[in-house]
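Everything below belongs to target06.cif, which stores mmCIF, C-alpha atoms.
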data_coords
#
loop_
_atom_site.label_atom_id
_atom_site.label_comp_id
_atom_site.auth_asym_id
_atom_site.auth_seq_id
_atom_site.Cartn_x
_atom_site.Cartn_y
_atom_site.Cartn_z
CA MET P 1 2.11 -88.39 24.17
CA SER P 2 -1.28 -86.90 24.88
CA ASP P 3 -2.78 -84.11 22.81
CA ASP P 4 -2.37 -81.60 25.66
CA VAL P 5 1.33 -82.29 26.03
CA ARG P 6 1.82 -82.17 22.29
CA ASN P 7 0.05 -78.80 22.10
CA ILE P 8 2.19 -77.45 24.93
CA VAL P 9 5.40 -78.59 23.20
CA LEU P 10 4.31 -77.13 19.89
CA GLY P 11 3.42 -73.85 21.60
CA VAL P 12 6.82 -73.66 23.28
CA VAL P 13 8.61 -74.44 20.00
CA ALA P 14 6.54 -71.85 18.12
CA SER P 15 7.20 -69.24 20.79
CA GLY P 16 10.92 -69.93 20.65
CA LEU P 17 10.90 -69.77 16.86
CA PHE P 18 9.06 -66.43 16.79
CA ALA P 19 11.32 -65.04 19.48
CA ALA P 20 14.40 -66.07 17.47
CA LEU P 21 12.99 -64.55 14.30
CA GLY P 22 12.17 -61.33 16.17
CA TRP P 23 15.67 -61.19 17.63
CA ILE P 24 17.22 -61.73 14.19
CA ALA P 25 15.03 -59.01 12.68
CA ARG P 26 15.85 -56.51 15.44
CA THR P 27 19.55 -57.30 15.17
CA TYR P 28 19.46 -56.82 11.40
CA LEU P 29 17.65 -53.48 11.68
CA TRP P 30 20.00 -52.33 14.44
CA LYS P 31 23.08 -53.24 12.41
CA ARG P 32 21.70 -51.54 9.29
CA LYS P 33 21.00 -48.39 11.30
CA LEU P 34 24.51 -48.55 12.79
CA ARG P 35 26.12 -48.97 9.34
CA ARG P 36 24.26 -45.94 8.02
CA LYS P 37 25.37 -43.93 11.03
CA GLN P 38 28.97 -45.07 10.61
CA ALA P 39 28.89 -44.20 6.91
CA PHE P 40 27.54 -40.71 7.56
CA PHE P 41 30.15 -39.94 10.19
CA GLY P 42 32.95 -41.81 8.42
CA LEU P 43 33.51 -43.96 11.50
CA PRO P 44 33.67 -47.69 10.76
CA ASP P 45 34.41 -50.14 13.56
CA ASN P 46 37.67 -49.42 15.43
CA SER P 47 38.48 -46.41 13.24
CA GLU P 48 40.31 -43.36 14.53
CA SER P 49 38.85 -39.86 14.77
CA LEU P 50 40.10 -36.44 15.78
CA LEU P 51 38.35 -34.06 18.16
CA VAL P 52 39.83 -30.55 17.90
CA VAL P 53 39.28 -28.48 21.03
CA ASN P 54 39.22 -24.69 20.86
CA ARG P 55 40.15 -22.28 23.62
CA ASP P 56 38.07 -19.81 25.58
CA PRO P 57 38.86 -16.38 24.06
CA ALA P 58 37.70 -14.65 27.27
CA THR P 59 40.71 -15.92 29.24
CA ALA P 60 44.40 -15.28 28.78
CA GLU P 61 45.38 -18.82 29.82
CA PRO P 62 44.56 -21.95 27.80
CA ALA P 63 41.07 -23.00 28.84
CA VAL P 64 37.89 -24.44 27.33
CA HIS P 65 34.50 -22.84 27.84
CA ARG P 66 32.04 -25.00 29.75
CA PHE P 67 29.56 -25.05 26.85
CA ASP P 68 32.33 -26.30 24.58
CA VAL P 69 33.06 -29.03 27.13
CA PHE P 70 29.43 -30.10 26.82
CA SER P 71 29.87 -30.13 23.03
CA LEU P 72 32.87 -32.42 23.33
CA LEU P 73 30.94 -34.80 25.59
CA GLU P 74 28.08 -35.09 23.10
CA LEU P 75 30.48 -35.69 20.21
CA SER P 76 32.38 -38.29 22.24
CA ALA P 77 29.11 -40.16 22.82
CA LEU P 78 28.39 -40.18 19.06
CA ILE P 79 31.86 -41.51 18.31
CA LYS P 80 31.56 -44.22 20.96
CA ASP P 81 28.18 -45.31 19.57
CA CYS P 82 29.86 -45.90 16.21
CA GLY P 83 32.46 -48.16 17.80
CA ALA P 84 35.31 -45.79 16.92
CA HIS P 85 38.18 -44.26 18.89
CA VAL P 86 38.83 -40.57 19.47
CA GLN P 87 41.95 -38.50 19.99
CA VAL P 88 41.44 -35.10 21.62
CA VAL P 89 43.87 -32.37 20.59
CA THR P 90 43.99 -28.62 21.12
CA GLN P 91 43.49 -26.26 18.22
CA ASP P 92 47.14 -25.20 18.12
CA MET P 93 48.58 -28.74 18.17
CA VAL P 94 47.11 -30.15 14.95
CA HIS P 95 49.71 -30.41 12.19
CA GLN P 96 48.16 -32.70 9.59
CA GLY P 97 45.85 -32.62 6.62
CA PHE P 98 42.28 -33.80 6.45
CA GLY P 99 40.60 -36.77 4.85
CA GLU P 100 42.52 -39.57 6.55
CA ARG P 101 40.52 -39.48 9.78
CA THR P 102 37.11 -38.10 10.62
CA GLU P 103 37.55 -34.76 12.32
CA PHE P 104 35.21 -32.78 14.57
CA CYS P 105 36.32 -29.15 14.87
CA VAL P 106 34.61 -26.98 17.50
CA GLY P 107 34.73 -23.20 17.81
CA GLY P 108 34.82 -20.09 15.65
CA PRO P 109 37.93 -18.63 13.99
CA ALA P 110 38.55 -16.31 16.95
CA SER P 111 39.24 -19.29 19.22
CA ASN P 112 40.32 -22.05 16.85
CA ARG P 113 43.21 -21.81 14.39
CA ARG P 114 42.21 -25.11 12.85
CA MET P 115 38.81 -23.64 12.01
CA VAL P 116 40.53 -20.73 10.27
CA ALA P 117 42.45 -23.16 8.05
CA HIS P 118 39.36 -25.22 7.19
CA MET P 119 37.28 -22.17 6.34
CA ALA P 120 39.99 -20.72 4.13
CA ALA P 121 40.38 -24.02 2.27
CA MET P 122 36.77 -25.20 2.01
CA LEU P 123 34.45 -22.27 2.84
CA PRO P 124 35.82 -19.30 0.86
CA GLY P 125 32.40 -17.64 0.78
CA VAL P 126 32.20 -17.20 4.56
CA ARG P 127 33.64 -14.32 6.54
CA VAL P 128 33.49 -13.96 10.32
CA ASN P 129 34.15 -10.65 12.04
CA ILE P 130 36.65 -11.45 14.80
CA ASP P 131 37.33 -7.82 15.75
CA PRO P 132 37.40 -7.75 19.59
CA GLU P 133 36.19 -4.15 19.70
CA PRO P 134 32.48 -3.70 20.51
CA GLY P 135 30.26 -2.84 17.59
CA PRO P 136 27.11 -3.93 15.73
CA ASP P 137 29.07 -6.26 13.44
CA ARG P 138 31.15 -7.96 16.11
CA SER P 139 31.12 -11.76 15.54
CA ALA P 140 28.80 -11.26 12.55
CA PHE P 141 28.71 -13.85 9.76
CA ARG P 142 28.87 -12.79 6.13
CA ILE P 143 27.84 -15.63 3.83
CA GLY P 144 27.85 -14.58 0.22
CA THR P 145 25.96 -11.30 0.18
CA GLU P 146 24.04 -11.88 3.43
CA LEU P 147 25.05 -10.55 6.85
CA TYR P 148 23.97 -12.26 10.09
CA ARG P 149 24.52 -10.16 13.22
CA LEU P 150 24.79 -11.41 16.77
CA GLU P 151 22.27 -10.42 19.44
CA PRO P 152 23.70 -12.09 22.57
CA GLY P 153 21.15 -14.25 24.33
CA VAL P 154 18.43 -13.44 21.80
CA THR P 155 19.46 -14.36 18.27
CA GLU P 156 22.73 -16.18 17.62
CA TYR P 157 24.00 -18.11 14.62
CA VAL P 158 26.16 -21.16 14.08
CA LEU P 159 27.40 -23.02 11.01
CA LEU P 160 27.11 -26.80 10.96
CA ALA P 161 29.07 -28.31 8.10
CA ARG P 162 30.00 -31.76 6.85
CA LEU P 163 32.80 -31.41 4.31
CA THR P 164 34.82 -33.88 2.27
CA ALA P 165 37.87 -33.31 0.12
CA GLY P 166 37.87 -34.90 -3.33
CA ASP P 167 35.74 -37.72 -4.69
CA ARG P 168 37.49 -40.68 -3.05
CA ARG P 169 35.04 -42.99 -1.30
CA ASP P 170 37.46 -43.64 1.55
CA THR P 171 37.91 -39.93 2.33
CA ARG P 172 36.83 -39.14 5.87
CA PRO P 173 34.63 -36.09 6.46
CA VAL P 174 35.34 -33.00 8.52
CA PHE P 175 32.53 -31.70 10.74
CA LEU P 176 32.66 -28.01 11.61
CA PHE P 177 30.77 -26.35 14.47
CA CYS P 178 31.46 -22.66 13.96
CA GLY P 179 29.33 -20.52 16.28
CA GLN P 180 29.17 -16.90 17.31
CA ARG P 181 29.25 -17.97 20.98
CA ALA P 182 30.17 -21.14 22.85
CA ILE P 183 26.55 -22.00 23.57
CA THR P 184 25.84 -22.03 19.83
CA ASN P 185 28.58 -24.62 19.34
CA GLN P 186 26.76 -26.87 21.79
CA ALA P 187 23.48 -26.18 20.01
CA ALA P 188 25.01 -27.36 16.72
CA THR P 189 26.45 -30.56 18.21
CA ARG P 190 23.12 -31.32 19.88
CA TYR P 191 21.28 -30.68 16.62
CA LEU P 192 23.62 -33.08 14.82
CA ALA P 193 23.14 -35.76 17.49
CA ARG P 194 19.36 -35.49 17.24
CA HIS P 195 18.96 -35.18 13.47
CA HIS P 196 21.89 -37.07 11.93
CA GLU P 197 19.57 -39.72 10.48
CA ARG P 198 17.51 -37.12 8.61
CA LEU P 199 20.66 -35.34 7.46
CA ALA P 200 22.09 -38.65 6.21
CA ARG P 201 18.93 -39.39 4.23
CA LYS P 202 18.93 -35.93 2.67
CA HIS P 203 22.63 -35.39 1.96
CA GLY P 204 24.10 -38.88 1.94
CA SER P 205 27.88 -38.72 1.69
CA HIS P 206 27.89 -35.26 0.09
CA SER P 207 29.11 -32.05 1.68
CA PHE P 208 26.65 -29.62 3.20
CA VAL P 209 26.69 -26.38 5.17
CA LEU P 210 23.70 -25.44 7.31
CA LEU P 211 23.13 -22.09 8.99
CA LEU P 212 21.33 -22.55 12.31
CA LYS P 213 19.77 -19.89 14.50
CA VAL P 214 19.75 -20.33 18.27
CA VAL P 215 16.67 -18.61 19.69
CA ASN P 216 16.61 -17.00 23.14
CA SER P 217 19.52 -18.95 24.60
CA GLN P 218 19.35 -16.90 27.81
CA ALA P 219 16.06 -18.67 28.57
CA TYR P 220 16.20 -21.95 26.63
CA GLY P 221 19.93 -22.65 26.44
CA PRO P 222 21.05 -24.61 23.35
CA ASP P 223 17.73 -26.46 22.87
CA VAL P 224 15.69 -24.13 20.62
CA VAL P 225 17.31 -24.18 17.19
CA GLU P 226 15.89 -23.13 13.83
CA VAL P 227 17.35 -23.96 10.42
CA VAL P 228 17.87 -20.70 8.56
CA GLY P 229 18.82 -22.55 5.39
CA ASP P 230 21.22 -24.66 3.41
CA VAL P 231 24.04 -22.26 2.48
CA THR P 232 26.35 -24.80 0.89
CA ARG P 233 26.59 -23.10 -2.49
CA ALA P 234 27.13 -19.60 -1.08
CA ALA P 235 29.66 -20.83 1.49
CA GLN P 236 31.73 -22.72 -1.10
CA THR P 237 31.67 -19.95 -3.72
CA PRO P 238 34.59 -17.52 -3.33
CA LEU P 239 33.57 -13.97 -2.58
CA PRO P 240 34.08 -11.55 -5.48
CA VAL P 241 37.26 -9.53 -5.33
CA PRO P 242 36.47 -5.80 -5.09
CA ALA P 243 37.31 -4.03 -8.33
CA ALA P 244 40.35 -1.79 -8.02
CA GLU P 245 39.64 1.91 -8.49
CA PRO P 246 41.23 3.30 -11.67
CA SER P 247 44.30 5.34 -10.89
CA PRO P 248 44.09 8.98 -11.98
CA GLY P 249 45.94 9.68 -15.24
CA PRO P 250 48.67 12.28 -15.64
CA ALA P 251 47.55 15.92 -15.50
CA PRO P 252 47.24 17.58 -18.92
CA ALA P 253 50.28 19.56 -19.93
CA PRO P 254 49.84 23.38 -19.94
CA ALA P 255 49.39 24.96 -23.35
CA PRO P 256 52.44 26.77 -24.81
CA ALA P 257 52.60 30.50 -24.19
CA SER P 258 52.51 31.34 -27.95
CA ARG P 259 49.32 29.36 -28.40
CA LYS P 260 47.72 31.23 -25.51
CA LYS P 261 48.50 34.57 -27.20
CA GLN P 262 46.95 33.38 -30.48
CA GLN P 263 43.80 32.37 -28.65
CA LYS P 264 43.55 35.81 -27.03
CA SER P 265 44.01 37.55 -30.33
#
Please express the file's structure as structure tokens.
Amino acid sequence: MSDDVRNIVLGVVASGLFAALGWIARTYLWKRKLRRKQAFFGLPDNSESLLVVNRDPATAEPAVHRFDVFSLLELSALIKDCGAHVQVVTQDMVHQGFGERTEFCVGGPASNRRMVAHMAAMLPGVRVNIDPEPGPDRSAFRIGTELYRLEPGVTEYVLLARLTAGDRRDTRPVFLFCGQRAITNQAATRYLARHHERLARKHGSHSFVLLLKVVNSQAYGPDVVEVVGDVTRAAQTPLPVPAAEPSPGPAPAPAPASRKKQQKS
């Protein structure tokens, strides 16, 4: 074998070896990234998840707002990327606890009964005004002592929460997307899809509740989102019970007539 042929063979072998090592490294990094994603969402391979669909409160018949449909599509893509399966159910057809399967619950308490149950059980420090009558506090969030009012199309708020029940390592999380409008629900799901790696690094497997602000949705849709803050502690702390006003005591009895005469004298 001549030197030229030997050099060519060695070059081909070296190229194949480096290509194999590169493929192994990329596969390892991809699998590690996938495992972290699966751990954050509680979606190991071939696991089952639950996608709870709300209803459009603007219609009398059962229907889903188009922005909520977009939210469901984005969540379905996340679930598929994790290699898991999803079952889609309506908000009034869920009759089971939480923790056995990862759950994604979309919609505020005015359109989702399941959200009402989750907030009562796990977010006692949050109140949402669901009064249908127009007013400055309609759809407003009260978190602890802070009030966040809705300005449709200008400033809108949404809660993005990852919650777990108990300390069991096999407990599946519940993700809540509780917005003042349907477009804010989509903004929260899109924010989660884009930033889940950063959220996983920061919070790990712990619960968190983020308050997001959707800015100028009438111009930018669900894309411009600001993080108002981490409101986990305030959201999970029960609101103080208003002190009952003291009941008025019995009226003093009138003085006897004889005593009145003595006082006059």
Could you list, as an mmCIF file with C-alpha atoms, in the coordinates of the input, every residue matched by the PyMOL selection byres ((chain P and resi 186) around 9) in this structure?
data_model
loop_
_atom_site.group_PDB
_atom_site.id
_atom_site.type_symbol
_atom_site.label_atom_id
_atom_site.label_comp_id
_atom_site.auth_asym_id
_atom_site.auth_seq_id
_atom_site.Cartn_x
_atom_site.Cartn_y
_atom_site.Cartn_z
ATOM 1 C CA PHE P 67 29.560 -25.050 26.850
ATOM 2 C CA ASP P 68 32.330 -26.300 24.580
ATOM 3 C CA VAL P 69 33.060 -29.030 27.130
ATOM 4 C CA PHE P 70 29.430 -30.100 26.820
ATOM 5 C CA SER P 71 29.870 -30.130 23.030
ATOM 6 C CA LEU P 72 32.870 -32.420 23.330
ATOM 7 C CA GLU P 74 28.080 -35.090 23.100
ATOM 8 C CA VAL P 106 34.610 -26.980 17.500
ATOM 9 C CA PHE P 177 30.770 -26.350 14.470
ATOM 10 C CA GLY P 179 29.330 -20.520 16.280
ATOM 11 C CA ALA P 182 30.170 -21.140 22.850
ATOM 12 C CA ILE P 183 26.550 -22.000 23.570
ATOM 13 C CA THR P 184 25.840 -22.030 19.830
ATOM 14 C CA ASN P 185 28.580 -24.620 19.340
ATOM 15 C CA ALA P 187 23.480 -26.180 20.010
ATOM 16 C CA ALA P 188 25.010 -27.360 16.720
ATOM 17 C CA THR P 189 26.450 -30.560 18.210
ATOM 18 C CA ARG P 190 23.120 -31.320 19.880
ATOM 19 C CA TYR P 191 21.280 -30.680 16.620
ATOM 20 C CA PRO P 222 21.050 -24.610 23.350
#
What gap, in Å, lies between CA of Leu50 in chain P and CA of Gln87 in chain P?
5.0 Å
Selection result for the PyMOL selection byres ((chain P and resi 161) around 12) on this file, as a tab-separated table (two decimals) with C-alpha atoms, in the frame of the given file:
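Okay, this is what ended up in selection.tsv:
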chain	number	residue	atom	x	y	z
P	41	PHE	CA	30.15	-39.94	10.19
P	103	GLU	CA	37.55	-34.76	12.32
P	104	PHE	CA	35.21	-32.78	14.57
P	105	CYS	CA	36.32	-29.15	14.87
P	106	VAL	CA	34.61	-26.98	17.50
P	115	MET	CA	38.81	-23.64	12.01
P	118	HIS	CA	39.36	-25.22	7.19
P	119	MET	CA	37.28	-22.17	6.34
P	122	MET	CA	36.77	-25.20	2.01
P	123	LEU	CA	34.45	-22.27	2.84
P	158	VAL	CA	26.16	-21.16	14.08
P	159	LEU	CA	27.40	-23.02	11.01
P	160	LEU	CA	27.11	-26.80	10.96
P	162	ARG	CA	30.00	-31.76	6.85
P	163	LEU	CA	32.80	-31.41	4.31
P	164	THR	CA	34.82	-33.88	2.27
P	173	PRO	CA	34.63	-36.09	6.46
P	174	VAL	CA	35.34	-33.00	8.52
P	175	PHE	CA	32.53	-31.70	10.74
P	176	LEU	CA	32.66	-28.01	11.61
P	177	PHE	CA	30.77	-26.35	14.47
P	178	CYS	CA	31.46	-22.66	13.96
P	179	GLY	CA	29.33	-20.52	16.28
P	185	ASN	CA	28.58	-24.62	19.34
P	188	ALA	CA	25.01	-27.36	16.72
P	189	THR	CA	26.45	-30.56	18.21
P	191	TYR	CA	21.28	-30.68	16.62
P	192	LEU	CA	23.62	-33.08	14.82
P	196	HIS	CA	21.89	-37.07	11.93
P	199	LEU	CA	20.66	-35.34	7.46
P	203	HIS	CA	22.63	-35.39	1.96
P	206	HIS	CA	27.89	-35.26	0.09
P	207	SER	CA	29.11	-32.05	1.68
P	208	PHE	CA	26.65	-29.62	3.20
P	209	VAL	CA	26.69	-26.38	5.17
P	210	LEU	CA	23.70	-25.44	7.31
P	211	LEU	CA	23.13	-22.09	8.99
P	212	LEU	CA	21.33	-22.55	12.31
P	230	ASP	CA	21.22	-24.66	3.41
P	231	VAL	CA	24.04	-22.26	2.48
P	232	THR	CA	26.35	-24.80	0.89
P	235	ALA	CA	29.66	-20.83	1.49
P	236	GLN	CA	31.73	-22.72	-1.10
Would you kindly translate the PyMOL selection byres ((chain P and resi 20-34) around 12) into the concrete residues it picks from this file, as a PyMOL selection string?
chain P and resi 13-19+35-45+78-84+196-197+200-201
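Comparing the minimum interatomic distances between Asn216 in chain P and each of P:Gly135, P:Pro124, P:Gly153, P:Gly99, counting all atoms listed in the file, we find that P:Gly153 sits nearest.
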So the first atom is CA of Val225 in chain P and the second is CA of Asp131 in chain P; what is the distance between them in Å, to one decimal place?
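Computed distance, CA of Val225 in chain P to CA of Asp131 in chain P, equals 25.9 Å.
Among the candidates P:Val12, P:Ala120, P:Ala165, P:Val227, the one nearest to Ser205 in chain P when counting only C-alpha atoms is P:Ala165.
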Interatomic distance, CA of Ala234 in chain P to CA of Pro134 in chain P (Å, one decimal):
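CA of Pro134 in chain P lies at a distance of 27.3 Å from CA of Ala234 in chain P.
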Excluding Arg114 in chain P and residues on its chain fewer than 4 positions from it, collect all residues at most 8 Å away from it, counting all atoms listed in the file, and give them as an mmCIF file with C-alpha atoms, in the coordinates of the input.
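The resulting around24.cif:
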data_model
loop_
_atom_site.group_PDB
_atom_site.id
_atom_site.type_symbol
_atom_site.label_atom_id
_atom_site.label_comp_id
_atom_site.auth_asym_id
_atom_site.auth_seq_id
_atom_site.Cartn_x
_atom_site.Cartn_y
_atom_site.Cartn_z
ATOM 1 C CA VAL P 52 39.830 -30.550 17.900
ATOM 2 C CA GLN P 91 43.490 -26.260 18.220
ATOM 3 C CA ASP P 92 47.140 -25.200 18.120
ATOM 4 C CA VAL P 94 47.110 -30.150 14.950
ATOM 5 C CA CYS P 105 36.320 -29.150 14.870
ATOM 6 C CA PRO P 109 37.930 -18.630 13.990
ATOM 7 C CA HIS P 118 39.360 -25.220 7.190
#
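Proximity of P:Val86, P:Ala140, P:Ala77, P:Val154 to Gln218 in chain P, computed with all atoms listed in the file, is greatest for P:Val154.
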Distance query Glu151 in chain P at most 10 Å, all atoms listed in the file, self and fewer than 3 positions along chain excluded, as a PyMOL selection string:
chain P and resi 136-140+148+154-157+180+215-216
Take the residues that were just selected and, keeping C-alpha atoms, output them as a PDB file, in the coordinates of the input.
ATOM      1  CA  PRO P 136      27.110  -3.930  15.730  1.00  0.00           C
ATOM      2  CA  ASP P 137      29.070  -6.260  13.440  1.00  0.00           C
ATOM      3  CA  ARG P 138      31.150  -7.960  16.110  1.00  0.00           C
ATOM      4  CA  SER P 139      31.120 -11.760  15.540  1.00  0.00           C
ATOM      5  CA  ALA P 140      28.800 -11.260  12.550  1.00  0.00           C
ATOM      6  CA  TYR P 148      23.970 -12.260  10.090  1.00  0.00           C
ATOM      7  CA  VAL P 154      18.430 -13.440  21.800  1.00  0.00           C
ATOM      8  CA  THR P 155      19.460 -14.360  18.270  1.00  0.00           C
ATOM      9  CA  GLU P 156      22.730 -16.180  17.620  1.00  0.00           C
ATOM     10  CA  TYR P 157      24.000 -18.110  14.620  1.00  0.00           C
ATOM     11  CA  GLN P 180      29.170 -16.900  17.310  1.00  0.00           C
ATOM     12  CA  VAL P 215      16.670 -18.610  19.690  1.00  0.00           C
ATOM     13  CA  ASN P 216      16.610 -17.000  23.140  1.00  0.00           C
TER      14      ASN P 216
END
